[in-house]
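Visitor: Next comes query-v8.txt, compact mmCIF, C-alpha atoms:
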```txt
# COMPACT_ATOMS: atom_id res chain seq x y z
CA PHE A 2 16.40 23.99 60.93
CA ILE A 3 17.49 23.37 57.36
CA ASN A 4 18.75 19.86 56.77
CA ILE A 5 21.77 20.45 54.50
CA ASN A 6 22.32 16.74 53.86
CA ALA A 7 18.71 16.27 52.79
CA MET A 8 18.96 19.25 50.42
CA VAL A 9 22.15 17.89 48.89
CA GLN A 10 20.55 14.47 48.46
CA LEU A 11 17.46 16.02 46.87
CA HIS A 12 19.58 18.10 44.49
CA THR A 13 21.61 15.03 43.57
CA TYR A 14 18.42 13.01 42.97
CA LYS A 15 16.92 15.70 40.73
CA HIS A 16 20.16 15.97 38.78
CA ARG A 17 20.23 12.22 38.25
CA GLN A 18 16.57 12.17 37.24
CA LYS A 19 17.16 14.98 34.75
CA HIS A 20 20.21 13.17 33.38
CA SER A 21 18.20 9.94 33.20
CA ASN A 22 15.39 11.65 31.29
CA ILE A 23 17.87 13.12 28.84
CA MET A 24 19.44 9.71 28.32
CA THR A 25 15.99 8.18 27.82
CA MET A 26 15.15 10.80 25.21
CA LYS A 27 18.39 9.94 23.43
CA GLY A 28 17.51 6.23 23.34
CA LYS A 29 15.83 4.53 20.42
CA LEU A 30 12.23 5.71 20.13
CA SER A 31 9.99 2.97 21.49
CA LYS A 32 6.43 1.97 20.69
CA LYS A 33 5.38 2.76 24.26
CA GLU A 34 6.78 6.29 24.05
CA LEU A 35 4.93 6.99 20.82
CA GLN A 36 1.64 5.49 21.99
CA THR A 37 1.81 7.37 25.30
CA ALA A 38 2.48 10.67 23.52
CA LEU A 39 -0.46 10.11 21.20
CA GLN A 40 -2.79 9.16 24.06
CA SER A 41 -1.82 12.32 25.90
CA ARG A 42 -2.26 14.54 22.83
CA LEU A 43 -5.61 13.01 21.84
CA GLY A 44 -7.00 12.85 25.36
CA ASN A 45 -9.04 16.06 25.15
CA GLU A 46 -10.08 15.73 21.52
CA THR A 47 -13.69 15.06 20.60
CA SER A 48 -13.36 14.13 16.93
CA LEU A 49 -9.86 12.59 17.02
CA SER A 50 -9.04 9.30 18.73
CA LEU A 51 -6.71 6.33 18.70
CA LEU A 52 -8.00 3.39 16.70
CA SER A 53 -8.03 -0.25 17.73
CA LYS A 54 -8.54 -3.65 16.16
CA SER A 55 -12.32 -3.16 16.26
CA ASP A 56 -11.92 -0.19 13.86
CA GLU A 57 -9.92 -2.18 11.30
CA ASP A 58 -12.67 -2.90 8.75
CA GLU A 59 -13.93 0.69 8.80
CA ALA A 60 -10.39 2.00 8.39
CA LEU A 61 -9.68 -0.32 5.45
CA ASP A 62 -12.95 0.74 3.79
CA LEU A 63 -11.85 4.38 4.05
CA LEU A 64 -8.33 3.67 2.79
CA THR A 65 -9.59 1.61 -0.15
CA GLU A 66 -11.60 4.59 -1.36
CA ALA A 67 -8.87 7.13 -0.59
CA PHE A 68 -6.15 5.19 -2.47
CA LEU A 69 -8.25 3.49 -5.15
CA TYR A 70 -6.43 5.18 -8.03
CA ASP A 71 -3.39 6.43 -6.16
CA PRO A 72 -0.24 6.40 -8.36
CA MET A 73 1.29 3.50 -6.39
CA SER A 74 -1.90 1.41 -6.59
CA VAL A 75 -2.20 1.97 -10.34
CA TRP A 76 1.47 1.19 -10.87
CA VAL A 77 1.34 -2.08 -8.95
CA ALA A 78 -1.84 -3.23 -10.71
CA ALA A 79 -0.13 -2.75 -14.09
CA LEU A 80 -3.46 -2.92 -15.91
CA ASP A 81 -3.60 -2.24 -19.61
CA GLU A 82 -5.04 1.28 -19.76
CA THR A 83 -5.69 0.98 -23.50
CA LYS A 84 -8.31 -1.73 -23.03
CA SER A 85 -11.83 -1.37 -21.72
CA ASP A 86 -12.30 -3.43 -18.58
CA PRO A 87 -15.70 -3.42 -16.82
CA GLY A 88 -14.15 -5.23 -13.87
CA LYS A 89 -11.38 -2.68 -13.34
CA ASP A 90 -12.85 -1.08 -10.20
CA GLY A 91 -13.32 -4.46 -8.56
CA LYS A 92 -9.74 -5.48 -9.31
CA MET A 93 -8.40 -2.21 -7.97
CA ARG A 94 -10.47 -2.48 -4.80
CA ARG A 95 -9.20 -5.98 -4.06
CA LEU A 96 -5.61 -4.95 -4.60
CA VAL A 97 -5.77 -1.65 -2.70
CA ARG A 98 -7.55 -3.18 0.29
CA TYR A 99 -4.93 -5.92 0.42
CA MET A 100 -2.03 -3.46 0.22
CA GLN A 101 -3.51 -1.26 2.93
CA ALA A 102 -4.26 -4.23 5.17
CA TRP A 103 -0.70 -5.50 4.81
CA VAL A 104 0.96 -2.30 6.00
CA ASN A 105 -1.67 -1.12 8.48
CA CYS A 106 -3.28 -4.04 10.35
CA ARG A 107 -0.51 -4.39 12.93
CA LEU A 108 -0.38 -0.63 13.38
CA ILE A 109 -4.13 -0.38 13.96
CA SER A 110 -3.93 -3.19 16.52
CA GLY A 111 -1.06 -1.40 18.27
CA SER A 112 1.39 -4.28 17.97
CA ARG A 113 3.89 -2.33 15.83
CA GLY A 114 2.86 1.29 16.34
CA ALA A 115 -0.38 3.21 16.38
CA ALA A 116 -3.21 4.50 14.23
CA TYR A 117 -5.63 7.31 14.90
CA GLY A 118 -8.52 8.81 13.04
CA ILE A 119 -10.91 11.70 12.79
CA ARG A 120 -14.66 11.26 12.72
CA SER A 121 -17.23 13.40 10.99
CA SER A 122 -18.47 16.39 12.96
CA ALA A 123 -21.90 15.77 11.39
CA ASN A 124 -22.60 12.58 13.32
CA GLY A 125 -19.41 11.87 15.23
CA LYS A 126 -19.45 8.28 14.01
CA GLU A 127 -18.19 8.11 10.43
CA LEU A 128 -14.42 7.72 10.10
CA VAL A 129 -13.30 10.32 7.55
CA GLY A 130 -9.54 10.56 8.12
CA PHE A 131 -6.79 8.14 9.06
CA MET A 132 -3.12 8.15 9.98
CA SER A 133 -0.88 5.26 10.98
CA VAL A 134 2.60 5.71 12.41
CA ALA A 135 5.46 3.53 13.59
CA PRO A 136 8.43 4.35 15.83
CA CYS A 137 11.84 3.60 14.35
CA SER A 138 12.17 0.63 16.71
CA CYS A 139 9.25 -1.08 14.93
CA VAL A 140 9.64 0.14 11.34
CA LYS A 141 11.61 -2.86 10.12
CA GLU A 142 9.22 -5.77 9.73
CA GLY A 143 10.54 -9.03 11.17
CA MET A 144 9.80 -12.57 10.08
CA PHE A 145 7.22 -12.93 12.85
CA ASP A 146 5.37 -9.81 11.67
CA THR A 147 5.41 -11.04 8.08
CA LEU A 148 4.14 -14.48 9.07
CA MET A 149 1.34 -13.12 11.25
CA THR A 150 0.17 -10.73 8.54
CA LEU A 151 0.31 -13.47 5.91
CA ILE A 152 -1.78 -15.76 8.10
CA LYS A 153 -4.30 -12.99 8.69
CA ILE A 154 -4.83 -11.66 5.16
CA GLY A 155 -3.34 -14.32 2.88
CA SER A 156 -1.26 -13.90 -0.26
CA PRO A 157 -1.66 -10.84 -2.52
CA PRO A 158 -4.21 -11.01 -5.35
CA THR A 159 -1.35 -10.45 -7.81
CA TYR A 160 0.21 -13.72 -6.64
CA SER A 161 -2.78 -16.07 -6.57
CA SER A 162 -2.84 -18.37 -9.61
CA LYS A 163 -6.61 -17.93 -9.90
CA LYS A 164 -6.46 -14.14 -9.79
CA LYS A 165 -3.11 -13.38 -11.42
CA GLY A 166 -4.71 -12.89 -14.81
CA ASN A 167 -6.68 -10.00 -13.37
CA TYR A 168 -3.56 -7.85 -13.23
CA GLY A 169 -0.66 -6.95 -15.51
CA PRO A 170 2.16 -9.46 -16.09
CA SER A 171 4.58 -7.38 -14.00
CA ALA A 172 2.16 -6.73 -11.10
CA GLN A 173 3.68 -9.17 -8.60
CA LYS A 174 7.23 -8.07 -9.39
CA ARG A 175 6.20 -4.44 -8.99
CA LEU A 176 4.69 -5.20 -5.60
CA GLU A 177 7.92 -6.88 -4.52
CA ARG A 178 9.95 -3.97 -5.89
CA LEU A 179 8.44 -1.66 -3.29
CA GLU A 180 11.12 -3.11 -1.01
CA GLU A 181 13.29 -0.31 -2.45
CA LEU A 182 11.35 2.12 -0.27
CA HIS A 183 12.32 0.17 2.86
CA LYS A 184 15.98 0.29 1.89
CA ALA A 185 15.88 4.00 1.11
CA ARG A 186 14.09 4.73 4.39
CA ALA A 187 16.74 2.96 6.44
CA GLU A 188 19.49 4.80 4.59
CA LYS A 189 17.92 8.25 4.93
CA MET A 190 17.27 7.87 8.67
CA LYS A 191 20.43 6.07 9.76
CA ASP A 192 21.81 9.21 11.42
CA THR A 193 19.15 9.23 14.16
CA ASN A 194 17.59 6.68 16.47
CA ARG A 195 14.59 8.83 17.31
CA TRP A 196 12.23 9.06 14.39
CA ILE A 197 8.65 8.32 13.42
CA TYR A 198 7.51 6.87 10.13
CA ILE A 199 4.18 8.00 8.73
CA GLN A 200 3.01 4.79 7.10
CA THR A 201 -0.38 5.90 5.80
CA PHE A 202 -2.17 9.25 5.74
CA GLY A 203 -5.55 9.42 4.03
CA VAL A 204 -8.85 11.27 4.02
CA SER A 205 -12.14 10.12 2.51
CA PRO A 206 -12.49 11.60 -1.02
CA GLU A 207 -15.82 13.21 -0.07
CA GLN A 208 -14.27 14.86 2.99
CA GLN A 209 -11.11 16.30 1.46
CA GLY A 210 -10.56 20.05 1.66
CA LYS A 211 -12.25 20.39 5.06
CA GLY A 212 -9.14 20.57 7.21
CA HIS A 213 -9.20 16.95 8.40
CA GLY A 214 -5.77 16.21 6.98
CA LYS A 215 -4.26 19.24 8.68
CA LYS A 216 -5.61 18.15 12.06
CA LEU A 217 -4.25 14.63 11.63
CA MET A 218 -0.81 15.91 10.63
CA GLN A 219 -0.61 18.45 13.45
CA VAL A 220 -1.11 15.70 16.01
CA ILE A 221 1.89 13.63 14.97
CA LEU A 222 4.11 16.68 14.44
CA GLU A 223 3.35 17.92 17.96
CA CYS A 224 4.03 14.47 19.38
CA ALA A 225 7.30 14.27 17.46
CA GLU A 226 8.44 17.60 18.89
CA SER A 227 7.61 16.48 22.42
CA LEU A 228 9.58 13.28 21.87
CA GLY A 229 12.54 14.97 20.21
CA ALA A 230 11.93 12.83 17.12
CA SER A 231 12.19 13.37 13.38
CA VAL A 232 9.36 12.41 11.05
CA TYR A 233 9.76 10.58 7.74
CA LEU A 234 7.30 9.87 4.93
CA GLU A 235 7.07 9.06 1.23
CA THR A 236 4.62 10.33 -1.35
CA GLU A 237 4.02 9.45 -4.99
CA SER A 238 2.30 12.77 -5.68
CA GLU A 239 4.17 15.96 -6.56
CA LYS A 240 1.12 17.90 -5.40
CA ASN A 241 1.30 16.23 -1.99
CA GLN A 242 5.01 16.98 -1.85
CA SER A 243 4.17 20.69 -1.99
CA MET A 244 1.58 20.24 0.77
CA TYR A 245 4.14 18.54 3.02
CA HIS A 246 6.56 21.40 2.41
CA HIS A 247 3.98 23.66 4.10
CA PHE A 248 4.15 21.41 7.18
CA GLY A 249 7.92 21.86 7.34
CA PHE A 250 9.08 18.73 5.56
CA ARG A 251 12.01 18.88 3.18
CA THR A 252 12.55 16.59 0.20
CA LEU A 253 15.55 14.30 0.56
CA GLU A 254 15.35 12.52 -2.76
CA LYS A 255 13.19 11.85 -5.78
CA LEU A 256 13.32 8.05 -6.05
CA ASP A 257 12.44 6.21 -9.25
CA ILE A 258 11.32 2.58 -8.94
CA SER A 259 10.99 0.12 -11.80
CA VAL A 260 11.21 -3.60 -12.51
CA PRO A 261 14.17 -4.71 -14.64
CA GLY A 262 12.90 -5.83 -18.03
CA ASP A 263 9.59 -3.99 -17.71
CA ASP A 264 9.58 -1.68 -20.73
CA SER A 265 5.89 -0.74 -20.65
CA SER A 266 4.79 2.88 -20.77
CA THR A 267 3.88 2.74 -17.05
CA SER A 268 7.06 1.00 -15.88
CA HIS A 269 8.30 3.77 -13.57
CA LEU A 270 6.97 4.93 -10.21
CA THR A 271 8.27 8.17 -8.70
CA ASN A 272 8.45 8.67 -4.94
CA TRP A 273 9.44 11.78 -3.04
CA LEU A 274 11.26 10.91 0.20
CA MET A 275 10.66 13.55 2.86
CA ARG A 276 11.81 14.36 6.38
CA LYS A 277 11.12 16.88 9.14
CA ASP A 278 13.47 17.21 12.10
CA PRO A 279 12.59 18.69 15.52
CA ASN A 280 12.32 22.49 15.59
CA GLU A 281 12.25 22.73 11.79
```
Before we go any further, please render this structure as structure tokens.
Guide:
Amino acid sequence: FININAMVQLHTYKHRQKHSNIMTMKGKLSKKELQTALQSRLGNETSLSLLSKSDEDEALDLLTEAFLYDPMSVWVAALDETKSDPGKDGKMRRLVRYMQAWVNCRLISGSRGAAYGIRSSANGKELVGFMSVAPCSCVKEGMFDTLMTLIKIGSPPTYSSKKKGNYGPSAQKRLERLEELHKARAEKMKDTNRWIYIQTFGVSPEQQGKGHGKKLMQVILECAESLGASVYLETESEKNQSMYHHFGFRTLEKLDISVPGDDSSTSHLTNWLMRKDPNE
């Protein structure tokens, strides 16, 4: 015989579960949700995998090369381009590695988000592409995060009294001025509590043009769709802006950053703020 009461109870349970899942999806995107989605998506991949603390040095080596003369890195360094400087590469490497370590170490370790990479198909060992992401619940860096990162990597080379002369006079102020990006990000994404921030996206210079970047981007976009989350990023390259348009991102604003009183020829840094919502 059919147990009507049991069927009613089962139907009620399923309805509540469905309602609960919907409510969960409407909640603020958590680190656990993002990490679980990435683990599931990367589970069957051979060349793509989540990174951990043990991959940190290799990842920073890759990012230092990928962003060595990136517009933001050059702007922060504020070096005098009219003068010959045999130590320029060394200065840039120190600065870029520091900047990448600051924003990525706690994502690589998984304490504030996640990082994943793609390894060369030639040997399966060399890391050739990298992406780090943070859920909206972890995007804003707290005092604890700042303190832990400062303890781990120290003060920026633009700040150290022994090294300050290696960079332009406005270098430290320019580094601090990047806070404008944090403010703009919060403003642009205040209408949703389910979004993912692409912190860093880079491919080894020797490996660019081989489809690695596309694979890395597809992973996070698929995860975002499954989570019902928007994706936000910034780029200082107009060429990259066009590339992101092909992935479905739209440009929200062209943001100009400068330090008051800095009237040098390189005083302005342009950033394109971009967003992709689910099903776009």
Visitor: Can you list every residue of stretch 41-86 of chain A that has an atom at most 6 Å from stretch 172-192 of chain A, with its nearest atom pair and the distance in Å to one decimal, using all atoms listed in the file, ordered by chain then number, as CSV?
Guide:
```
residue,atom,partner,partner_atom,distance
A:Val77,CA,A:Ala172,CA,5.2
A:Ala78,CA,A:Ala172,CA,5.3
A:Ala79,CA,A:Ala172,CA,5.5
```
Visitor: For each of A:Trp103, A:Tyr198, A:Tyr160, A:Tyr117, take the minimum atom-to-atom distance to A:Thr147, counting all atoms listed in the file, then give the residue where this is smallest.
Guide: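 When distances to A:Thr147 are compared using all atoms listed in the file, the smallest one comes from A:Trp103.
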Visitor: Provide the atom CA of A:Leu151 to atom CA of A:Arg98 distance in Å, to one decimal place.
Guide: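 For atom CA of A:Leu151 relative to atom CA of A:Arg98, the distance reads 14.1 Å.
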Visitor: Determine, using all atoms listed in the file, which residues of stretch 22-86 of chain A have any atom at most 7 Å from an atom of stretch 90-97 of chain A, and tabulate each with its shortest atom pair and distance in Å to one decimal place, rows ordered by chain and then rising number, as a Markdown table.
Guide:
```
| residue | atom | partner | partner_atom | distance |
| --- | --- | --- | --- | --- |
| A:Thr65 | CA | A:Val97 | CA | 5.6 |
| A:Phe68 | CA | A:Val97 | CA | 6.9 |
| A:Leu69 | CA | A:Val97 | CA | 6.2 |
| A:Ser74 | CA | A:Val97 | CA | 6.3 |
```
Visitor: Just how far from atom CA of A:Tyr233 is atom CA of A:Asp62, in Å to one decimal?
Guide: 25.1 Å
Visitor: With all atoms listed in the file as the basis for distance, which of A:Tyr99, A:Ile109, A:Gly212, A:Tyr245 is at the shortest distance from A:Gly155?
Guide: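 Looking only at the distances to A:Gly155, the closest residue turns out to be A:Tyr99.
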Visitor: Leaving out A:Gln101 and any residue of its chain fewer than 5 positions from it, which residues lie within 8 Å of it when counting only C-alpha atoms, given as a short mmCIF file (atom, residue, chain, number, x, y, z; two decimals) with C-alpha atoms, keeping the file's coordinate frame?
Guide:
```
data_model
loop_
_atom_site.label_atom_id
_atom_site.label_comp_id
_atom_site.auth_asym_id
_atom_site.auth_seq_id
_atom_site.Cartn_x
_atom_site.Cartn_y
_atom_site.Cartn_z
CA LEU A 61 -9.68 -0.32 5.45
CA LEU A 64 -8.33 3.67 2.79
CA THR A 65 -9.59 1.61 -0.15
CA CYS A 106 -3.28 -4.04 10.35
#
```
Visitor: What's the separation between atom CA of A:Ile119 and atom CA of A:Leu52, in Å to one decimal place?
Guide: 9.6 Å
Visitor: Choose the residue, out of A:Leu39, A:Leu234, A:Met132, A:Met275, that has the smallest atom-to-atom separation from A:Glu254; count only C-alpha atoms.
Guide: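 When distances to A:Glu254 are compared using only C-alpha atoms, the smallest one comes from A:Met275.
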Visitor: Which residue gives the smallest distance to A:Asp56 among A:Gly118, A:Pro261, A:Pro157, A:Gly203, with all atoms listed in the file counted?
Guide: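 Closest candidate: A:Gly118.
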Visitor: Can you patch up stretch 238-255 of chain A, filling it in to N, CA, C and O atoms, and show the result as an mmCIF file, in the coordinates of the input?
Guide:
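In the end it all went to out31.cif:
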```cif
data_model
loop_
_atom_site.group_PDB
_atom_site.id
_atom_site.type_symbol
_atom_site.label_atom_id
_atom_site.label_comp_id
_atom_site.auth_asym_id
_atom_site.auth_seq_id
_atom_site.Cartn_x
_atom_site.Cartn_y
_atom_site.Cartn_z
ATOM 1 N N SER A 238 2.982 11.634 -5.052
ATOM 2 C CA SER A 238 2.300 12.770 -5.680
ATOM 3 C C SER A 238 3.115 14.048 -5.512
ATOM 4 O O SER A 238 3.447 14.437 -4.383
ATOM 5 N N GLU A 239 3.437 14.695 -6.626
ATOM 6 C CA GLU A 239 4.170 15.960 -6.560
ATOM 7 C C GLU A 239 3.331 17.031 -5.875
ATOM 8 O O GLU A 239 3.862 17.896 -5.168
ATOM 9 N N LYS A 240 2.017 16.954 -6.057
ATOM 10 C CA LYS A 240 1.120 17.900 -5.400
ATOM 11 C C LYS A 240 1.187 17.734 -3.881
ATOM 12 O O LYS A 240 1.246 18.713 -3.132
ATOM 13 N N ASN A 241 1.196 16.474 -3.428
ATOM 14 C CA ASN A 241 1.300 16.230 -1.990
ATOM 15 C C ASN A 241 2.657 16.664 -1.441
ATOM 16 O O ASN A 241 2.763 17.095 -0.290
ATOM 17 N N GLN A 242 3.692 16.537 -2.268
ATOM 18 C CA GLN A 242 5.010 16.980 -1.850
ATOM 19 C C GLN A 242 4.961 18.469 -1.469
ATOM 20 O O GLN A 242 5.497 18.873 -0.434
ATOM 21 N N SER A 243 4.298 19.260 -2.276
ATOM 22 C CA SER A 243 4.170 20.690 -1.990
ATOM 23 C C SER A 243 3.405 20.927 -0.688
ATOM 24 O O SER A 243 3.743 21.818 0.096
ATOM 25 N N MET A 244 2.365 20.116 -0.468
ATOM 26 C CA MET A 244 1.580 20.240 0.770
ATOM 27 C C MET A 244 2.453 19.942 1.989
ATOM 28 O O MET A 244 2.414 20.664 2.987
ATOM 29 N N TYR A 245 3.279 18.897 1.894
ATOM 30 C CA TYR A 245 4.140 18.540 3.020
ATOM 31 C C TYR A 245 5.204 19.597 3.279
ATOM 32 O O TYR A 245 5.633 19.780 4.418
ATOM 33 N N HIS A 246 5.614 20.296 2.226
ATOM 34 C CA HIS A 246 6.560 21.400 2.410
ATOM 35 C C HIS A 246 5.959 22.455 3.356
ATOM 36 O O HIS A 246 6.663 23.046 4.172
ATOM 37 N N HIS A 247 4.655 22.676 3.250
ATOM 38 C CA HIS A 247 3.980 23.660 4.100
ATOM 39 C C HIS A 247 3.990 23.231 5.562
ATOM 40 O O HIS A 247 3.893 24.072 6.463
ATOM 41 N N PHE A 248 4.084 21.916 5.804
ATOM 42 C CA PHE A 248 4.150 21.410 7.180
ATOM 43 C C PHE A 248 5.572 21.395 7.715
ATOM 44 O O PHE A 248 5.801 21.005 8.857
ATOM 45 N N GLY A 249 6.531 21.803 6.894
ATOM 46 C CA GLY A 249 7.920 21.860 7.340
ATOM 47 C C GLY A 249 8.804 20.721 6.893
ATOM 48 O O GLY A 249 9.976 20.655 7.276
ATOM 49 N N PHE A 250 8.266 19.835 6.071
ATOM 50 C CA PHE A 250 9.080 18.730 5.560
ATOM 51 C C PHE A 250 9.993 19.241 4.444
ATOM 52 O O PHE A 250 9.658 20.187 3.734
ATOM 53 N N ARG A 251 11.122 18.590 4.301
ATOM 54 C CA ARG A 251 12.010 18.880 3.180
ATOM 55 C C ARG A 251 12.172 17.594 2.356
ATOM 56 O O ARG A 251 12.097 16.485 2.893
ATOM 57 N N THR A 252 12.383 17.743 1.079
ATOM 58 C CA THR A 252 12.550 16.590 0.200
ATOM 59 C C THR A 252 13.995 16.132 0.211
ATOM 60 O O THR A 252 14.905 16.925 -0.053
ATOM 61 N N LEU A 253 14.205 14.864 0.518
ATOM 62 C CA LEU A 253 15.550 14.300 0.560
ATOM 63 C C LEU A 253 15.978 13.745 -0.792
ATOM 64 O O LEU A 253 17.134 13.844 -1.179
ATOM 65 N N GLU A 254 15.019 13.157 -1.485
ATOM 66 C CA GLU A 254 15.350 12.520 -2.760
ATOM 67 C C GLU A 254 14.084 12.245 -3.567
ATOM 68 O O GLU A 254 13.007 12.014 -3.011
ATOM 69 N N LYS A 255 14.244 12.266 -4.857
ATOM 70 C CA LYS A 255 13.190 11.850 -5.780
ATOM 71 C C LYS A 255 13.607 10.467 -6.281
ATOM 72 O O LYS A 255 14.552 10.339 -7.061
#
```
